[in-house]
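For reference, the structure is listed below as structure tokens.
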Amino acid sequence: MSTQSQTSTALSNFIAGSRDTIPMLVGAAPFGVIYGSLAAGSQMSAWQGQMMSLSVFAGSSQFIALGLAAGHAGILLILLATLIVNLRHMLYAASLLPHVAHLPARWRWSLGFLLTDETFAVMNRFYRQAHDPALGHWYFLGSGISMYLNWQLWTLIGLVFGVAFPHLQSLGLDFAMVATFIAIVVPQLGRRPYLAAALGAGGLSYVLKDYPYKLGLLAAIIGGVLIGVMLQRHARRSYRSSEAA
Amino acid sequence: MSVTLMILGMCLITVVVKALVFVLGERLVLAPGIREALGFVPVTVLTAIIVPMILAPHGHGLELSPRNPQLVAALVAVAVCAVTRRQLLTIAVGLTVFFGWQFALSIAPWHAL
């Protein structure tokens, strides 16, 4: 880290937030291209693919919507899946809340909309190091807006690419999504309840995959979460009883 | 039209879920049980989505065989990620193995048999 300058302004915080998000921008780029090219090959029009990135701005929900729509899932199920997949943002928001609670409502709506896994990771690190938390919301805005513009750009490139090469799907490009999800999930499996939750959800999802409207997916997620919670509670209990002994 | 409607619905849900905690602030209290359960959501959702794509890439039966490039590449990607914990490397190696394996299968001599 470079040394803090004495004159920390809104602009310098905004720029610092964007700059510290650059690794995340690189990481999100292939994701955006894949989303765009899959959207171009789906039943939605190209402008709708871009509109989804502009208005929804949540990568995993967008991928899931594409996948579910391709499987002829109903709109209600897609909305329900969107809700479930986005619930994790409430956890992120809860942990960032102390730094945001004092801001005017328009700031809180905007920062909420711009919240992503990547920006959460950047903000979490920022507030831990706490350079100049008074102007932290400008740093947050810089990180969020750079992620937003980055996502629009790579979506557009993916759409153009997908329109130019309409048979991309048959190459198995959707494997890029599998590889990306593996890269997100595996580092989180260090603790046993998480590993068990993932294995349970994956196993159930395979077994239940032929249920209509992808309801098996929802059942698998709920089952996996329950397995994780139960194991975590069990681990905590046995830890406490071994402490007591 | 229904696609536009779907997108607008997704937008509404996403914005509300993401901003709810910031907007309501301390008025919104998440019960510890809910909080605990939410912690397991990312790993379960993503795994539940990809496992069928890996084990049954053609949507029919189980394809537990080296002739399934999705399976081979996914196993390699999991190993790379578990060892290095580097996202981009995992994705790059996974895709390379996937396309390489697919190509190798297509030119393998027994393919013509």
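Chain labels follow the order of the structure tokens: the first chain is A, the next B, and so on; residue numbering restarts at 1 in every chain, and ligands are counted from 1 in their shown order.
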
B:Leu55 environment, 7 Å, only C-alpha atoms, sequence neighbours closer than 3 positions dropped, as a list in words | Val51, Pro52, Leu62, Glu63, Leu64 and Leu71 of chain B

For chain B, which residues have at least one atom within 7 Å of chain A, if we go by only C-alpha atoms? Write them as a PyMOL selection string, please.
-> chain B and resi 3-4+6-7+9-11+13-15+17-19+21-23+25+36-38+40-48+50-52+70+74+77-78+81-82+85+87-88+90-91+94-95

Nearest-residue call for B:Phe98, choices B:Val83, B:Leu30, B:His60, B:Ile54, using only C-alpha atoms |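 Smallest distance to B:Phe98 is found for B:Ile54.
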
How many Å separate atom CA of A:Arg128 from atom CA of B:Ile34?
->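 According to the coordinates, atom CA of A:Arg128 and atom CA of B:Ile34 are separated by 24.9 Å.
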
Report the distance between atom CA of A:Arg19 and atom CA of A:Ile34 in Å, rounded to one decimal place.
->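 Those two atoms sit 24.1 Å apart.
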